[in-house]
Amino acid sequence: MLVSMEQSLKRREPSGRTYQRDPYSWALEQARVLRERRVTELDWDNLAEEVEDLSCRDAHALQSNCEVLIAHLLKLTHASESLRRRNLRLWRLHIRNARRRIADLLAENPGLKTRTSELFSKAWPYGRDEALAALDRDDSALPDACPWTFERACDMDFYPQSHVTETLAPK
């Protein structure tokens with residue numbers, strides 16, 4: 001049986017180099033080797049790193065969805081009445097979807113429940129900045145600390161009322 005030169009070279013290339021050069025092909029190869037239970041051919045160090053990265057990806061996804069949730073809750077709370085009226089339906093849908101994604105992530109990854117407060121706190125400045133940009137407001141327009149707990153923000157029935165009082169200019 002003839003073996004192609006590429007296959008021959010690939011076999012001789014250490015897994016660590018393949019991981020650096022072509023992570024996609026490395027992952028497929030490692031999955032195949034795992035299924036075939038050929039433990040001596042596994043790239044143990046890089047596999048361990050990738051498994052750790054899986055947990056980070058889920059935590060980042062939770063934090064990212066918290067950022068979206070915070071930004072839209074802040075928009076509801078601090079937008080002018082006219083802006084709030086124009087965007088109310090859209091913002092509520094974004095809030096609802098963020099809450100669903102958060103619930104899904106926690107259902108799929110129950111171990112993340114111990115980190116919800118931490119990740120929600122980390123998400124605060126990003127969500128706050130997103131709201132500041134969308135509302136075209138100065139930093140002082142929004143609170144420095146989050147006014148909601150993670151649980152309150154994720155409550156499907158919670159939609160904050162506007163804190164903005166618009167004053168009409170005299171005619």
# chains A, B, ... in the order shown; residues from 1 in each chain; ligands from 1

call {"tool": "residues_around", "arguments": {"residues": "region 86-95 of chain A", "least_positions_apart": "2", "cutoff": "12 Å", "atoms": "only C-alpha atoms", "output": "VMD selection string"}}
result
chain A and resid 65 to 77 79 to 84 97 to 102 131 134 to 135 153 to 162

call {"tool": "write_last_selection", "arguments": {"atoms": "C-alpha atoms", "output": "PDB file, in the first residue's frame"}}
result
ATOM      1  CA  ASN A  65     -25.629  38.020  27.139  1.00  0.00           C
ATOM      2  CA  CYS A  66     -25.560  39.867  30.465  1.00  0.00           C
ATOM      3  CA  GLU A  67     -23.997  42.854  28.657  1.00  0.00           C
ATOM      4  CA  VAL A  68     -26.873  42.894  26.158  1.00  0.00           C
ATOM      5  CA  LEU A  69     -29.415  42.586  28.954  1.00  0.00           C
ATOM      6  CA  ILE A  70     -27.853  45.401  30.985  1.00  0.00           C
ATOM      7  CA  ALA A  71     -27.563  47.727  27.985  1.00  0.00           C
ATOM      8  CA  HIS A  72     -31.219  47.357  27.080  1.00  0.00           C
ATOM      9  CA  LEU A  73     -32.455  47.631  30.661  1.00  0.00           C
ATOM     10  CA  LEU A  74     -30.485  50.868  30.949  1.00  0.00           C
ATOM     11  CA  LYS A  75     -31.925  52.152  27.686  1.00  0.00           C
ATOM     12  CA  LEU A  76     -35.434  51.515  29.003  1.00  0.00           C
ATOM     13  CA  THR A  77     -34.574  53.313  32.213  1.00  0.00           C
ATOM     14  CA  ALA A  79     -33.903  57.023  27.376  1.00  0.00           C
ATOM     15  CA  SER A  80     -35.908  60.101  26.666  1.00  0.00           C
ATOM     16  CA  GLU A  81     -39.634  59.443  26.466  1.00  0.00           C
ATOM     17  CA  SER A  82     -39.689  59.934  22.710  1.00  0.00           C
ATOM     18  CA  LEU A  83     -36.734  57.568  22.165  1.00  0.00           C
ATOM     19  CA  ARG A  84     -38.219  55.062  24.597  1.00  0.00           C
ATOM     20  CA  ASN A  97     -34.017  37.154  24.080  1.00  0.00           C
ATOM     21  CA  ALA A  98     -31.026  37.884  26.330  1.00  0.00           C
ATOM     22  CA  ARG A  99     -32.918  36.408  29.283  1.00  0.00           C
ATOM     23  CA  ARG A 100     -33.765  33.301  27.268  1.00  0.00           C
ATOM     24  CA  ARG A 101     -30.157  32.857  26.176  1.00  0.00           C
ATOM     25  CA  ILE A 102     -28.981  33.251  29.762  1.00  0.00           C
ATOM     26  CA  ALA A 131     -26.201  52.174  26.649  1.00  0.00           C
ATOM     27  CA  ALA A 134     -26.846  54.316  22.121  1.00  0.00           C
ATOM     28  CA  LEU A 135     -28.381  57.092  24.207  1.00  0.00           C
ATOM     29  CA  ALA A 153     -32.384  41.584  35.744  1.00  0.00           C
ATOM     30  CA  CYS A 154     -33.214  38.047  34.575  1.00  0.00           C
ATOM     31  CA  ASP A 155     -36.766  38.119  35.952  1.00  0.00           C
ATOM     32  CA  MET A 156     -38.977  37.712  32.877  1.00  0.00           C
ATOM     33  CA  ASP A 157     -41.581  40.067  34.344  1.00  0.00           C
ATOM     34  CA  PHE A 158     -39.181  42.876  35.200  1.00  0.00           C
ATOM     35  CA  TYR A 159     -39.044  45.923  32.943  1.00  0.00           C
ATOM     36  CA  PRO A 160     -37.756  49.091  34.634  1.00  0.00           C
ATOM     37  CA  GLN A 161     -39.675  52.313  34.419  1.00  0.00           C
ATOM     38  CA  SER A 162     -38.122  55.414  32.935  1.00  0.00           C
TER      39      SER A 162
END

call {"tool": "residues_around", "arguments": {"residues": "Glu151 (chain A)", "least_positions_apart": "6", "cutoff": "10 Å", "atoms": "only C-alpha atoms", "output": "VMD selection string"}}
result
chain A and resid 116 to 117 120

call {"tool": "closest_residue", "arguments": {"among": "A:Gln30, A:Arg128, A:Gly111, A:Gln63", "to": "Phe150 (chain A)", "atoms": "only C-alpha atoms"}}
result
A:Gln63

call {"tool": "select_by_dssp", "arguments": {"residues": "region 59-171 of chain A", "states": "helix (DSSP H, G or I)", "output": "ChimeraX atom specification"}}
result
/A:59-78,81-108,110-135,139-141,150-154

call {"tool": "closest_residue", "arguments": {"among": "A:Asn46, A:Tyr126, A:Glu118, A:Ala107", "to": "Gln20 (chain A)", "atoms": "only C-alpha atoms"}}
result
A:Asn46

call {"tool": "atom_distance", "arguments": {"atom1": "CA of Ala31 (chain A)", "atom2": "CA of Asp58 (chain A)"}}
result
20.5 Å

call {"tool": "atom_distance", "arguments": {"atom1": "CA of Pro125 (chain A)", "atom2": "CA of Arg85 (chain A)"}}
result
25.3 Å

call {"tool": "closest_residue", "arguments": {"among": "A:Trp44, A:Trp26, A:Trp124, A:Tyr19", "to": "Ser64 (chain A)", "atoms": "only C-alpha atoms"}}
result
A:Trp124

call {"tool": "atom_distance", "arguments": {"atom1": "CA of Ala48 (chain A)", "atom2": "CA of Asp22 (chain A)"}}
result
17.3 Å

call {"tool": "residues_around", "arguments": {"residues": "region 104-106 of chain A", "least_positions_apart": "6", "cutoff": "7 Å", "atoms": "only C-alpha atoms", "output": "MDAnalysis selection string"}}
result
chainID A and resid 62 112:113

call {"tool": "decode", "arguments": {"residues": "region 73-108 of chain A", "atoms": "N, CA and C atoms", "output": "PDB file, in the first residue's frame"}}
result
ATOM      1  N   LEU A  73     -31.757  47.183  29.452  1.00  0.00           N
ATOM      2  CA  LEU A  73     -32.455  47.631  30.661  1.00  0.00           C
ATOM      3  C   LEU A  73     -32.130  49.099  30.947  1.00  0.00           C
ATOM      4  N   LEU A  74     -30.873  49.471  30.747  1.00  0.00           N
ATOM      5  CA  LEU A  74     -30.485  50.868  30.949  1.00  0.00           C
ATOM      6  C   LEU A  74     -31.142  51.788  29.930  1.00  0.00           C
ATOM      7  N   LYS A  75     -31.250  51.339  28.698  1.00  0.00           N
ATOM      8  CA  LYS A  75     -31.925  52.152  27.686  1.00  0.00           C
ATOM      9  C   LYS A  75     -33.373  52.397  28.088  1.00  0.00           C
ATOM     10  N   LEU A  76     -34.050  51.348  28.552  1.00  0.00           N
ATOM     11  CA  LEU A  76     -35.434  51.515  29.003  1.00  0.00           C
ATOM     12  C   LEU A  76     -35.528  52.519  30.144  1.00  0.00           C
ATOM     13  N   THR A  77     -34.539  52.483  31.016  1.00  0.00           N
ATOM     14  CA  THR A  77     -34.574  53.313  32.213  1.00  0.00           C
ATOM     15  C   THR A  77     -34.190  54.765  31.940  1.00  0.00           C
ATOM     16  N   HIS A  78     -33.248  54.985  31.031  1.00  0.00           N
ATOM     17  CA  HIS A  78     -32.656  56.316  30.889  1.00  0.00           C
ATOM     18  C   HIS A  78     -32.875  56.997  29.537  1.00  0.00           C
ATOM     19  N   ALA A  79     -33.631  56.384  28.672  1.00  0.00           N
ATOM     20  CA  ALA A  79     -33.903  57.023  27.376  1.00  0.00           C
ATOM     21  C   ALA A  79     -34.947  58.112  27.547  1.00  0.00           C
ATOM     22  N   SER A  80     -34.864  59.081  26.675  1.00  0.00           N
ATOM     23  CA  SER A  80     -35.908  60.101  26.666  1.00  0.00           C
ATOM     24  C   SER A  80     -37.234  59.418  26.336  1.00  0.00           C
ATOM     25  N   GLU A  81     -38.319  60.044  26.713  1.00  0.00           N
ATOM     26  CA  GLU A  81     -39.634  59.443  26.466  1.00  0.00           C
ATOM     27  C   GLU A  81     -39.866  59.186  24.984  1.00  0.00           C
ATOM     28  N   SER A  82     -39.461  60.126  24.147  1.00  0.00           N
ATOM     29  CA  SER A  82     -39.689  59.934  22.710  1.00  0.00           C
ATOM     30  C   SER A  82     -38.846  58.769  22.169  1.00  0.00           C
ATOM     31  N   LEU A  83     -37.594  58.681  22.595  1.00  0.00           N
ATOM     32  CA  LEU A  83     -36.734  57.568  22.165  1.00  0.00           C
ATOM     33  C   LEU A  83     -37.260  56.251  22.730  1.00  0.00           C
ATOM     34  N   ARG A  84     -37.670  56.260  23.965  1.00  0.00           N
ATOM     35  CA  ARG A  84     -38.219  55.062  24.597  1.00  0.00           C
ATOM     36  C   ARG A  84     -39.465  54.587  23.836  1.00  0.00           C
ATOM     37  N   ARG A  85     -40.373  55.491  23.518  1.00  0.00           N
ATOM     38  CA  ARG A  85     -41.587  55.119  22.783  1.00  0.00           C
ATOM     39  C   ARG A  85     -41.251  54.490  21.432  1.00  0.00           C
ATOM     40  N   ARG A  86     -40.295  55.091  20.721  1.00  0.00           N
ATOM     41  CA  ARG A  86     -39.924  54.578  19.394  1.00  0.00           C
ATOM     42  C   ARG A  86     -39.273  53.200  19.451  1.00  0.00           C
ATOM     43  N   ASN A  87     -38.574  52.903  20.536  1.00  0.00           N
ATOM     44  CA  ASN A  87     -37.781  51.673  20.607  1.00  0.00           C
ATOM     45  C   ASN A  87     -38.272  50.656  21.629  1.00  0.00           C
ATOM     46  N   LEU A  88     -39.351  50.942  22.306  1.00  0.00           N
ATOM     47  CA  LEU A  88     -39.800  50.099  23.402  1.00  0.00           C
ATOM     48  C   LEU A  88     -39.953  48.639  22.998  1.00  0.00           C
ATOM     49  N   ARG A  89     -40.644  48.373  21.926  1.00  0.00           N
ATOM     50  CA  ARG A  89     -40.873  46.985  21.481  1.00  0.00           C
ATOM     51  C   ARG A  89     -39.553  46.287  21.169  1.00  0.00           C
ATOM     52  N   LEU A  90     -38.685  46.928  20.423  1.00  0.00           N
ATOM     53  CA  LEU A  90     -37.396  46.345  20.068  1.00  0.00           C
ATOM     54  C   LEU A  90     -36.556  46.058  21.311  1.00  0.00           C
ATOM     55  N   TRP A  91     -36.464  47.015  22.208  1.00  0.00           N
ATOM     56  CA  TRP A  91     -35.653  46.834  23.415  1.00  0.00           C
ATOM     57  C   TRP A  91     -36.207  45.714  24.286  1.00  0.00           C
ATOM     58  N   ARG A  92     -37.525  45.646  24.407  1.00  0.00           N
ATOM     59  CA  ARG A  92     -38.125  44.567  25.201  1.00  0.00           C
ATOM     60  C   ARG A  92     -37.835  43.198  24.572  1.00  0.00           C
ATOM     61  N   LEU A  93     -37.853  43.120  23.269  1.00  0.00           N
ATOM     62  CA  LEU A  93     -37.530  41.863  22.599  1.00  0.00           C
ATOM     63  C   LEU A  93     -36.065  41.480  22.823  1.00  0.00           C
ATOM     64  N   HIS A  94     -35.168  42.461  22.764  1.00  0.00           N
ATOM     65  CA  HIS A  94     -33.754  42.187  23.036  1.00  0.00           C
ATOM     66  C   HIS A  94     -33.570  41.705  24.474  1.00  0.00           C
ATOM     67  N   ILE A  95     -34.283  42.326  25.389  1.00  0.00           N
ATOM     68  CA  ILE A  95     -34.216  41.919  26.798  1.00  0.00           C
ATOM     69  C   ILE A  95     -34.722  40.488  26.949  1.00  0.00           C
ATOM     70  N   ARG A  96     -35.865  40.212  26.362  1.00  0.00           N
ATOM     71  CA  ARG A  96     -36.447  38.865  26.457  1.00  0.00           C
ATOM     72  C   ARG A  96     -35.517  37.812  25.861  1.00  0.00           C
ATOM     73  N   ASN A  97     -34.936  38.113  24.706  1.00  0.00           N
ATOM     74  CA  ASN A  97     -34.017  37.154  24.080  1.00  0.00           C
ATOM     75  C   ASN A  97     -32.753  36.950  24.910  1.00  0.00           C
ATOM     76  N   ALA A  98     -32.208  38.022  25.482  1.00  0.00           N
ATOM     77  CA  ALA A  98     -31.026  37.884  26.330  1.00  0.00           C
ATOM     78  C   ALA A  98     -31.351  37.011  27.545  1.00  0.00           C
ATOM     79  N   ARG A  99     -32.500  37.222  28.136  1.00  0.00           N
ATOM     80  CA  ARG A  99     -32.918  36.408  29.283  1.00  0.00           C
ATOM     81  C   ARG A  99     -33.064  34.940  28.894  1.00  0.00           C
ATOM     82  N   ARG A 100     -33.627  34.690  27.741  1.00  0.00           N
ATOM     83  CA  ARG A 100     -33.765  33.301  27.268  1.00  0.00           C
ATOM     84  C   ARG A 100     -32.389  32.658  27.050  1.00  0.00           C
ATOM     85  N   ARG A 101     -31.493  33.411  26.420  1.00  0.00           N
ATOM     86  CA  ARG A 101     -30.157  32.857  26.176  1.00  0.00           C
ATOM     87  C   ARG A 101     -29.437  32.564  27.493  1.00  0.00           C
ATOM     88  N   ILE A 102     -29.586  33.460  28.456  1.00  0.00           N
ATOM     89  CA  ILE A 102     -28.981  33.251  29.762  1.00  0.00           C
ATOM     90  C   ILE A 102     -29.573  32.004  30.416  1.00  0.00           C
ATOM     91  N   ALA A 103     -30.885  31.872  30.383  1.00  0.00           N
ATOM     92  CA  ALA A 103     -31.537  30.692  30.960  1.00  0.00           C
ATOM     93  C   ALA A 103     -31.076  29.419  30.256  1.00  0.00           C
ATOM     94  N   ASP A 104     -30.961  29.464  28.940  1.00  0.00           N
ATOM     95  CA  ASP A 104     -30.490  28.297  28.189  1.00  0.00           C
ATOM     96  C   ASP A 104     -29.061  27.921  28.578  1.00  0.00           C
ATOM     97  N   LEU A 105     -28.196  28.929  28.649  1.00  0.00           N
ATOM     98  CA  LEU A 105     -26.801  28.667  29.030  1.00  0.00           C
ATOM     99  C   LEU A 105     -26.709  28.033  30.415  1.00  0.00           C
ATOM    100  N   LEU A 106     -27.489  28.549  31.348  1.00  0.00           N
ATOM    101  CA  LEU A 106     -27.451  28.016  32.706  1.00  0.00           C
ATOM    102  C   LEU A 106     -28.064  26.620  32.783  1.00  0.00           C
ATOM    103  N   ALA A 107     -29.068  26.347  31.963  1.00  0.00           N
ATOM    104  CA  ALA A 107     -29.659  25.007  31.924  1.00  0.00           C
ATOM    105  C   ALA A 107     -28.665  23.996  31.343  1.00  0.00           C
ATOM    106  N   GLU A 108     -27.931  24.428  30.321  1.00  0.00           N
ATOM    107  CA  GLU A 108     -26.959  23.548  29.674  1.00  0.00           C
ATOM    108  C   GLU A 108     -25.664  23.423  30.473  1.00  0.00           C
TER     109      GLU A 108
END
